[in-house]
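Peer 1: Next comes the structure file run-v5.txt, holding compact mmCIF, C-alpha atoms.
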# COMPACT_ATOMS: atom_id res chain seq x y z
CA MET A 18 0.00 0.00 0.00
CA LYS A 19 2.74 2.36 1.03
CA GLN A 20 4.58 1.58 -2.19
CA PHE A 21 1.44 2.27 -4.19
CA ILE A 22 0.96 5.70 -2.58
CA LYS A 23 4.59 6.49 -3.24
CA THR A 24 4.21 5.56 -6.90
CA LEU A 25 1.03 7.56 -7.20
CA PHE A 26 2.73 10.55 -5.63
CA CYS A 27 5.69 10.28 -8.00
CA LEU A 28 3.39 9.97 -10.99
CA GLY A 29 1.41 13.03 -9.93
CA PHE A 30 4.59 14.99 -9.49
CA VAL A 31 5.86 14.02 -12.93
CA LEU A 32 2.50 14.91 -14.48
CA ILE A 33 2.54 18.32 -12.83
CA LEU A 34 6.05 18.93 -14.14
CA ALA A 35 5.19 17.75 -17.64
CA GLY A 36 1.88 19.61 -17.76
CA CYS A 37 3.49 22.79 -16.63
CA ALA A 38 4.70 24.01 -19.99
CA ALA A 39 5.59 27.45 -18.69
CA ARG A 40 7.30 29.52 -21.34
CA SER A 41 8.50 33.07 -21.40
CA THR A 42 8.34 35.36 -24.39
CA VAL A 43 10.36 38.59 -24.30
CA VAL A 44 9.96 41.36 -26.89
CA LEU A 45 12.15 44.46 -27.19
CA ILE A 46 10.14 47.50 -28.30
CA PRO A 47 11.24 51.12 -28.92
CA ASP A 48 11.36 53.66 -26.09
CA PRO A 49 8.81 56.50 -26.31
CA ASP A 50 11.52 58.65 -27.97
CA GLY A 51 12.01 56.02 -30.69
CA ARG A 52 15.38 54.74 -29.50
CA VAL A 53 15.89 51.01 -29.08
CA GLY A 54 17.84 49.67 -26.11
CA GLN A 55 19.31 46.26 -25.49
CA LEU A 56 18.18 43.20 -23.56
CA VAL A 57 20.16 40.17 -22.47
CA VAL A 58 17.89 37.19 -21.86
CA ALA A 59 19.86 34.58 -19.95
CA ASN A 60 19.42 31.36 -18.00
CA GLU A 61 21.43 28.29 -17.01
CA GLY A 62 21.49 27.13 -20.65
CA GLY A 63 22.89 30.28 -22.22
CA GLN A 64 21.82 33.72 -23.40
CA GLN A 65 20.46 35.74 -26.32
CA ILE A 66 20.86 39.44 -27.01
CA LEU A 67 18.03 41.56 -28.39
CA ASN A 68 19.03 44.95 -29.81
CA GLU A 69 16.67 45.69 -32.69
CA LYS A 70 13.09 46.88 -32.74
CA ASN A 71 10.48 44.14 -32.06
CA GLN A 72 13.07 41.38 -31.70
CA SER A 73 11.73 38.55 -29.63
CA VAL A 74 12.92 35.41 -27.93
CA LYS A 75 11.12 32.46 -26.34
CA VAL A 76 12.44 30.48 -23.41
CA ALA A 77 11.14 26.96 -22.77
CA ASP A 78 12.71 26.22 -19.40
CA VAL A 79 15.48 27.35 -17.12
CA LYS A 80 18.01 24.77 -18.34
CA THR A 81 17.45 25.24 -22.09
CA SER A 82 19.15 28.20 -23.72
CA PRO A 83 16.77 30.92 -24.97
CA GLY A 84 15.65 30.12 -28.55
CA GLN A 85 16.47 31.86 -31.84
CA VAL A 86 15.96 35.61 -31.97
CA THR A 87 13.05 36.41 -34.28
CA THR A 88 11.16 39.59 -35.11
CA MET A 89 7.60 39.75 -33.85
CA SER A 90 5.14 41.45 -36.19
CA ALA A 91 3.43 44.64 -35.04
CA GLU A 92 0.15 42.77 -35.43
CA GLU A 93 1.19 39.96 -33.08
CA ILE A 94 2.50 42.47 -30.52
CA ARG A 95 -0.85 44.25 -30.63
CA THR A 96 -2.90 41.10 -30.15
CA THR A 97 -0.72 39.61 -27.43
CA PHE A 98 -0.02 42.75 -25.42
CA ALA A 99 -2.96 45.10 -26.20
CA ASP A 100 -4.23 45.25 -22.58
CA THR A 101 -0.77 45.64 -21.12
CA LEU A 102 0.16 48.46 -23.49
CA ALA A 103 -3.18 50.20 -22.91
CA ALA A 104 -2.50 50.13 -19.15
CA GLU A 105 0.87 51.93 -19.47
CA PRO A 106 0.63 55.26 -17.66
CA LEU A 107 1.83 58.41 -19.45
CA PRO A 108 5.57 58.78 -18.83
CA PRO A 109 6.36 61.41 -16.19
CA VAL A 110 7.31 64.89 -17.42
CA LYS A 111 10.35 66.63 -15.96
CA PHE A 112 10.93 70.38 -15.89
CA ILE A 113 14.19 72.04 -14.85
CA LEU A 114 14.04 75.52 -13.36
CA TYR A 115 17.24 77.57 -12.93
CA PHE A 116 18.13 80.05 -10.22
CA ILE A 117 20.17 83.20 -9.79
CA GLN A 118 23.51 82.48 -8.07
CA GLY A 119 23.31 82.16 -4.28
CA SER A 120 19.56 82.85 -4.18
CA ASP A 121 16.17 81.14 -4.28
CA GLU A 122 15.00 83.46 -7.06
CA LEU A 123 14.31 82.01 -10.51
CA THR A 124 15.98 83.29 -13.67
CA ASP A 125 13.62 85.12 -16.04
CA ASP A 126 13.67 82.25 -18.55
CA SER A 127 12.61 79.82 -15.85
CA LYS A 128 9.89 82.12 -14.55
CA ALA A 129 8.44 82.03 -18.05
CA MET A 130 8.32 78.23 -17.89
CA LEU A 131 6.10 78.11 -14.78
CA PRO A 132 2.70 78.34 -16.55
CA LYS A 133 3.57 75.22 -18.54
CA ILE A 134 4.15 73.34 -15.26
CA PHE A 135 0.83 74.51 -13.78
CA GLN A 136 -0.91 73.44 -16.98
CA THR A 137 0.72 69.99 -16.98
CA ILE A 138 -0.32 69.36 -13.35
CA LYS A 139 -3.87 70.37 -14.21
CA SER A 140 -4.28 68.47 -17.46
CA ARG A 141 -2.91 65.23 -15.96
CA GLU A 142 -4.86 65.74 -12.73
CA SER A 143 -1.56 64.77 -11.14
CA THR A 144 -1.55 63.73 -7.51
CA ASP A 145 2.16 63.00 -7.59
CA ILE A 146 4.62 65.87 -7.97
CA VAL A 147 8.28 65.60 -6.98
CA ILE A 148 10.47 68.65 -6.39
CA SER A 149 14.23 68.34 -5.90
CA GLY A 150 16.47 71.31 -5.06
CA HIS A 151 20.13 71.51 -6.18
CA THR A 152 23.07 73.95 -6.12
CA ASP A 153 26.43 74.34 -7.82
CA THR A 154 29.63 73.72 -5.83
CA VAL A 155 30.31 77.33 -4.77
CA GLY A 156 30.31 77.52 -0.95
CA GLU A 157 30.31 75.02 1.90
CA LYS A 158 28.32 71.78 1.65
CA GLU A 159 26.07 72.73 4.58
CA TYR A 160 25.35 76.15 3.09
CA ASN A 161 24.43 74.54 -0.22
CA TYR A 162 22.17 72.01 1.45
CA THR A 163 20.22 74.87 3.05
CA LEU A 164 20.20 76.83 -0.22
CA SER A 165 18.84 73.91 -2.23
CA LEU A 166 16.19 73.38 0.45
CA GLU A 167 15.20 77.08 0.15
CA ARG A 168 14.97 76.65 -3.62
CA ALA A 169 12.75 73.57 -3.28
CA LYS A 170 10.55 75.42 -0.76
CA ALA A 171 10.23 78.44 -3.07
CA ILE A 172 8.95 76.23 -5.90
CA PHE A 173 6.67 74.34 -3.49
CA LYS A 174 5.07 77.67 -2.51
CA ILE A 175 4.64 78.76 -6.13
CA LEU A 176 2.98 75.46 -7.11
CA VAL A 177 0.65 75.50 -4.10
CA ALA A 178 -0.27 79.14 -4.83
CA HIS A 179 -1.32 77.96 -8.30
CA GLY A 180 -3.60 75.17 -7.18
CA ALA A 181 -1.38 72.16 -6.45
CA VAL A 182 -2.36 70.24 -3.31
CA PRO A 183 0.50 70.23 -0.74
CA ALA A 184 -0.14 66.56 0.12
CA HIS A 185 0.53 65.66 -3.53
CA ILE A 186 4.01 67.19 -3.49
CA THR A 187 7.20 65.55 -2.26
CA ALA A 188 10.16 67.93 -1.87
CA THR A 189 13.79 66.89 -1.42
CA SER A 190 17.04 68.80 -1.06
CA HIS A 191 20.26 67.48 -2.59
CA GLY A 192 22.66 70.38 -1.95
CA GLU A 193 25.68 70.21 -4.27
CA GLY A 194 25.71 66.39 -4.24
CA ASN A 195 23.75 65.68 -7.41
CA PRO A 196 24.95 68.07 -10.13
CA LEU A 197 23.61 68.04 -13.67
CA ILE A 198 27.09 68.91 -14.87
CA LYS A 199 29.98 67.47 -12.85
CA THR A 200 32.47 70.18 -11.83
CA ALA A 201 35.34 70.61 -9.40
CA ASP A 202 34.55 72.20 -6.01
CA GLU A 203 33.91 75.98 -5.95
CA VAL A 204 32.78 76.21 -9.57
CA ALA A 205 29.86 78.48 -10.47
CA GLU A 206 27.74 76.48 -12.93
CA PRO A 207 24.33 77.96 -13.82
CA LYS A 208 22.99 74.58 -14.98
CA ASN A 209 23.55 73.09 -11.51
CA ARG A 210 21.63 75.87 -9.70
CA ARG A 211 18.28 74.29 -10.23
CA VAL A 212 15.05 72.71 -9.05
CA GLU A 213 13.73 69.71 -10.93
CA VAL A 214 9.97 69.28 -10.98
CA THR A 215 8.63 65.88 -12.02
CA VAL A 216 4.91 65.59 -12.71
CA ARG A 217 3.58 62.01 -12.70
CA MET B 18 15.11 24.81 26.12
CA LYS B 19 13.23 24.15 22.91
CA ARG B 20 10.84 26.97 23.71
CA ALA B 21 13.70 29.39 24.28
CA PHE B 22 15.14 28.40 20.95
CA ILE B 23 11.85 29.08 19.17
CA LEU B 24 11.59 32.43 20.91
CA CYS B 25 15.07 33.34 19.73
CA LEU B 26 14.19 32.30 16.21
CA LEU B 27 11.02 34.39 16.28
CA MET B 28 12.92 37.42 17.53
CA MET B 29 15.46 36.97 14.78
CA PHE B 30 12.71 37.38 12.21
CA LEU B 31 10.67 40.01 13.96
CA LEU B 32 13.36 42.39 15.19
CA PRO B 33 14.57 43.52 11.77
CA CYS B 34 10.97 44.39 10.89
CA VAL B 35 10.69 46.62 13.91
CA ALA B 36 14.07 48.20 13.23
CA MET B 37 13.15 48.97 9.61
CA GLY B 38 10.14 50.96 10.75
CA LYS B 39 8.30 52.90 8.08
CA GLU B 40 9.53 51.99 4.66
CA SER B 41 9.47 54.37 1.73
CA PRO B 42 7.05 53.43 -1.05
CA ALA B 43 8.34 51.87 -4.26
CA GLY B 44 5.66 53.28 -6.53
CA LYS B 45 2.05 54.21 -7.11
CA ALA B 46 -0.81 52.78 -9.12
CA LYS B 47 -1.66 55.19 -11.94
CA THR B 48 -4.11 53.26 -14.08
CA ILE B 49 -6.50 50.53 -12.95
CA LYS B 50 -9.00 48.44 -14.87
CA GLY B 51 -11.12 45.73 -13.24
CA ASN B 52 -9.81 43.80 -10.24
CA VAL B 53 -6.29 44.54 -9.08
CA SER B 54 -4.87 43.55 -5.73
CA ILE B 55 -1.62 43.31 -3.83
CA ILE B 56 -0.57 40.52 -1.54
CA ARG B 57 1.29 42.00 1.40
CA ASP B 58 2.29 39.98 4.47
CA GLY B 59 -0.05 37.22 3.33
CA ARG B 60 -3.07 39.48 3.05
CA GLN B 61 -4.80 40.38 -0.19
CA ILE B 62 -5.64 44.07 -0.47
CA PRO B 63 -7.62 45.66 -3.34
CA VAL B 64 -5.83 48.49 -5.16
CA SER B 65 -7.21 51.76 -6.52
CA VAL B 66 -5.55 54.61 -8.42
CA GLY B 67 -3.04 56.48 -6.26
CA ASP B 68 -2.37 53.54 -3.91
CA ARG B 69 1.22 52.83 -2.96
CA PHE B 70 3.34 49.76 -3.54
CA PHE B 71 6.26 48.62 -1.42
CA GLN B 72 9.08 46.20 -2.01
CA LYS B 73 8.04 42.58 -1.33
CA ASP B 74 4.51 43.26 -2.59
CA THR B 75 2.95 40.84 -5.05
CA ILE B 76 0.75 42.55 -7.63
CA ARG B 77 -2.07 40.53 -9.15
CA THR B 78 -4.66 41.32 -11.81
CA GLY B 79 -7.93 39.49 -12.43
CA VAL B 80 -9.80 38.56 -15.62
CA GLU B 81 -10.13 41.52 -18.04
CA SER B 82 -8.12 43.63 -15.59
CA SER B 83 -4.92 45.64 -15.85
CA VAL B 84 -2.74 48.01 -13.84
CA GLY B 85 -0.13 50.67 -14.64
CA ILE B 86 2.48 51.64 -12.05
CA ILE B 87 5.05 54.42 -11.91
CA PHE B 88 7.93 53.73 -9.53
CA GLU B 89 9.83 56.37 -7.55
CA ASP B 90 12.61 56.42 -10.16
CA ASN B 91 10.04 56.78 -12.98
CA THR B 92 10.26 53.14 -14.06
CA ILE B 93 6.93 52.22 -15.63
CA LEU B 94 5.48 48.75 -15.21
CA SER B 95 2.10 47.66 -16.48
CA LEU B 96 0.37 44.30 -16.24
CA GLY B 97 -2.30 42.81 -18.48
CA PRO B 98 -5.12 40.48 -17.38
CA GLU B 99 -4.55 37.45 -15.10
CA SER B 100 -1.00 38.47 -14.37
CA GLU B 101 1.19 38.33 -11.30
CA VAL B 102 4.50 39.99 -10.53
CA VAL B 103 6.50 40.09 -7.27
CA ILE B 104 8.58 43.15 -6.45
CA ASP B 105 11.32 41.23 -4.63
CA GLU B 106 13.47 44.28 -4.05
CA TYR B 107 13.17 47.99 -4.74
CA VAL B 108 15.70 50.53 -3.48
CA PHE B 109 15.94 54.04 -4.91
CA ALA B 110 18.21 56.24 -2.81
CA PRO B 111 20.19 58.36 -5.30
CA GLU B 112 21.58 60.53 -2.50
CA LYS B 113 23.36 57.41 -1.17
CA GLY B 114 24.01 55.95 -4.61
CA LEU B 115 21.82 52.92 -3.80
CA PHE B 116 19.76 51.44 -6.62
CA SER B 117 18.06 48.09 -6.95
CA MET B 118 15.03 46.74 -8.70
CA ILE B 119 14.37 43.02 -8.73
CA ALA B 120 11.02 41.97 -10.14
CA ARG B 121 9.78 38.45 -10.68
CA MET B 122 7.07 37.67 -13.20
CA VAL B 123 4.98 34.67 -12.17
CA LYS B 124 2.42 34.68 -15.00
CA GLY B 125 0.61 36.84 -17.52
CA THR B 126 1.81 39.81 -19.55
CA ALA B 127 3.83 42.87 -18.57
CA SER B 128 5.42 45.93 -20.08
CA TYR B 129 8.53 47.52 -18.57
CA LEU B 130 10.01 50.94 -19.36
CA SER B 131 13.29 51.91 -17.68
CA GLY B 132 13.43 54.82 -15.28
CA ILE B 133 16.43 56.40 -13.56
CA ILE B 134 17.68 53.09 -12.13
CA GLY B 135 17.64 51.45 -15.56
CA HIS B 136 19.50 54.36 -17.13
CA GLN B 137 22.01 55.19 -14.39
CA SER B 138 22.65 51.74 -13.00
CA PRO B 139 21.33 49.13 -15.46
CA GLU B 140 23.20 46.31 -13.69
CA SER B 141 20.95 46.98 -10.65
CA VAL B 142 17.82 45.96 -12.58
CA LYS B 143 16.87 42.31 -12.70
CA PHE B 144 13.63 41.21 -14.25
CA ARG B 145 13.06 37.50 -13.79
CA THR B 146 10.67 35.05 -15.35
CA PRO B 147 10.42 31.40 -14.25
CA GLU B 148 12.71 30.48 -17.18
CA ALA B 149 15.19 33.33 -17.53
CA THR B 150 16.60 36.61 -16.26
CA ILE B 151 16.30 39.72 -18.42
CA GLY B 152 19.22 42.13 -18.22
CA ILE B 153 18.46 45.68 -19.30
CA ARG B 154 20.30 48.45 -21.11
CA GLY B 155 17.96 51.44 -20.82
CA THR B 156 14.91 50.20 -22.61
CA HIS B 157 11.30 49.23 -23.14
CA PHE B 158 10.16 45.61 -23.36
CA LEU B 159 7.22 43.24 -23.13
CA VAL B 160 7.08 39.86 -21.40
CA LYS B 161 4.59 37.04 -21.51
CA VAL B 162 4.74 34.08 -19.13
CA ASN B 163 2.43 31.12 -19.61
CA GLY B 164 1.75 29.96 -16.07
CA CYS B 165 1.06 26.40 -14.89
CA LEU B 166 -2.46 24.92 -15.31
Written as C-alpha cells, how would this file's structure read?
Peer 2:
Amino acid sequence: MKQFIKTLFCLGFVLILAGCAARSTVVLIPDPDGRVGQLVVANEGGQQILNEKNQSVKVADVKTSPGQVTTMSAEEIRTTFADTLAAEPLPPVKFILYFIQGSDELTDDSKAMLPKIFQTIKSRESTDIVISGHTDTVGEKEYNYTLSLERAKAIFKILVAHGAVPAHITATSHGEGNPLIKTADEVAEPKNRRVEVTVR
Amino acid sequence: MKRAFILCLLMMFLLPCVAMGKESPAGKAKTIKGNVSIIRDGRQIPVSVGDRFFQKDTIRTGVESSVGIIFEDNTILSLGPESEVVIDEYVFAPEKGLFSMIARMVKGTASYLSGIIGHQSPESVKFRTPEATIGIRGTHFLVKVNGCL
C-alpha cells in the first residue's frame, strides 16, 4: 500500500512537471523617444541578445538556452499585449528651473516656464509631484544644502499658490551632491543651480 | 530549552521588521482596470488609483483587468489580465548611490520601461521570469509568461 501511494505521488509529481509548460516570451520595443535599447535574456542554458526593434525570444525552461531571436510582427504584438500596453501610464514629465547664483529666485527664462508646469499638473490631474532642489559647488556643503532646500521650498510655494495640493508634493534637497554637470569644487555652474519638478 | 530556541528564532525574524520601521514606497498605481490587488504579508488588499506599492509586494490582476504603475525612479510597469509579478526588491536612494530593482514575473503579460535606475545603473535591474533573467540596457520591453495549469 505504502509503495502504491509512493508511486502515485511520484506519478502526480511528474505529471505536474510535464503539464506545466511554462514559457516566457520577451519582446524588445522602442522607447517613447524612438530609440531602441538592449536586452540580455539569460538562463542556465545560455543567453540571447536583443538589440533591434520588435526582436523577440522564447524560453522553454530554465536549463534550455533561450531560442532563436526572431522579429515579432506589429500585429502579433498588438494582439498579445494590447491590454498591457493600454495600461501603461503616461511617462512622467520633468521640468528644470534655474536660479540666480546664491539665491532662491528664478531666472527670467525659468519664470516664463512656470505656466507650462501649472498646466501639466492640471491636465494630468496629477496627484504625484516631486520637487528636488540643487546647487552648484560654490560655498560650503552645509550652506548649499540649506540653499537647495530654500529653492525647493520656493517652488513648493509657487505650485501651491497655483492650485497644487500640498499633500501631492514631495520635496527633497540634494545640496551640491547631485549636479547636472559634474564640476570641481567651488565652480559656479548655472545649470547646476536648479530645481527639478517631475509631474507624474 | 526548545521553547527558548523558538523564541530566539522568532525574535530573529521580527526584530529587523521593527528596526526597519516605516519603509518608503516603491511606486504608485496610476491606471486601474477591473480587479487589481496586492498581496502584502499574506493578506490580499484591493488596489485603486493612487495607492502605494512597497518592495516585497505581489501585484495581481484578475480577468479583463490591468494596472499601470510608476515607480519612484520613474520606471513604468504595467500588467495585463490574469498576471502576477512580485517586487522582490526595490531601493531608490540616489543621494546614497543605492539602486536596486528586482522583479519576478509569475504569470501573464507585462510591459517595462526603464526609469532612472535602468538608465544610471542598469546592472541593478533584474527582471526575472520562471525560465530566464532579463538584463536591461535602458529600454522598453514586453514579457509574456504562460503559467502552470
Peer 1: Taking only C-alpha atoms into account, find every residue of chain A that has an atom no more than 6 Å from chain B, and write it out as an MDAnalysis selection string.
Peer 2: chainID A and resid 37 39:46 48 54:60 78:79 100:101 104:106
Peer 1: Would you mind listing what lies within 7 Å of stretch 208-217 of chain A as a PyMOL selection string, with only C-alpha atoms counted and same-chain residues fewer than 2 positions away left out?
Peer 2: chain A and resi 109-116+138+143+145-153+168-169+196-198+206
Peer 1: Can you tell me which residues surround A:Gly63 at a distance of at most 8 Å, considering all atoms listed in the file, apart from same-chain residues fewer than 4 positions away, and format the answer as a PyMOL selection string?
Peer 2: chain A and resi 59+81-83
Peer 1: Can you pull out every residue within 10 Å of B:Ile56, counting all atoms listed in the file, but drop anything in the same chain fewer than 4 positions away, and send it as a list in words?
Peer 2: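 Once the adjacent positions are removed, what remains is Arg60, Gln61, Ile62, Pro63, Lys73, Asp74, Thr75, Ile76, Arg77 and Val103 of chain B.
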Peer 1: Which value, in Å to one decimal, gives the distance between atom CA of A:Ala103 and atom CA of A:Arg141?
Peer 2: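 It comes out at 16.6 Å.
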Peer 1: Atom CA of A:Val53 and atom CA of B:Lys143, how far apart in Å?
Peer 2: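 Value for the atom CA of B:Lys143-atom CA of A:Val53 distance: 18.6 Å.
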Peer 1: Quick one, how far is atom CA of A:Glu142 from atom CA of B:Val102?
Peer 2: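 Those two atoms sit 27.5 Å apart.
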Peer 1: Restricting the calculation to only C-alpha atoms: of A:Asn71, A:Thr200, A:Thr137, A:Thr189, which residue gets closest to A:Leu176?
Peer 2: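 Closest residue, counting only C-alpha atoms: A:Thr137.
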Peer 1: Name all residues at most 7 Å from stretch 117-126 of chain A (count only C-alpha atoms; drop same-chain ones fewer than 2 positions away) and give them as JSON, numbers by chain.
Peer 2: {"A": [115, 128, 129, 130, 167, 168, 171]}
Peer 1: Could you save the residues just selected, with C-alpha atoms, as a PDB file, in the frame of the given file?
Peer 2:
ATOM      1  CA  TYR A 115      17.240  77.570 -12.930  1.00  0.00           C
ATOM      2  CA  LYS A 128       9.890  82.120 -14.550  1.00  0.00           C
ATOM      3  CA  ALA A 129       8.440  82.030 -18.050  1.00  0.00           C
ATOM      4  CA  MET A 130       8.320  78.230 -17.890  1.00  0.00           C
ATOM      5  CA  GLU A 167      15.200  77.080   0.150  1.00  0.00           C
ATOM      6  CA  ARG A 168      14.970  76.650  -3.620  1.00  0.00           C
ATOM      7  CA  ALA A 171      10.230  78.440  -3.070  1.00  0.00           C
TER       8      ALA A 171
END
Peer 1: Which of these, A:Thr163, A:Thr154, A:Thr187, A:Gln85, has the shortest distance to A:Lys199 once you count all atoms listed in the file?
Peer 2: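 Using all atoms listed in the file, A:Lys199 sits closest to A:Thr154.
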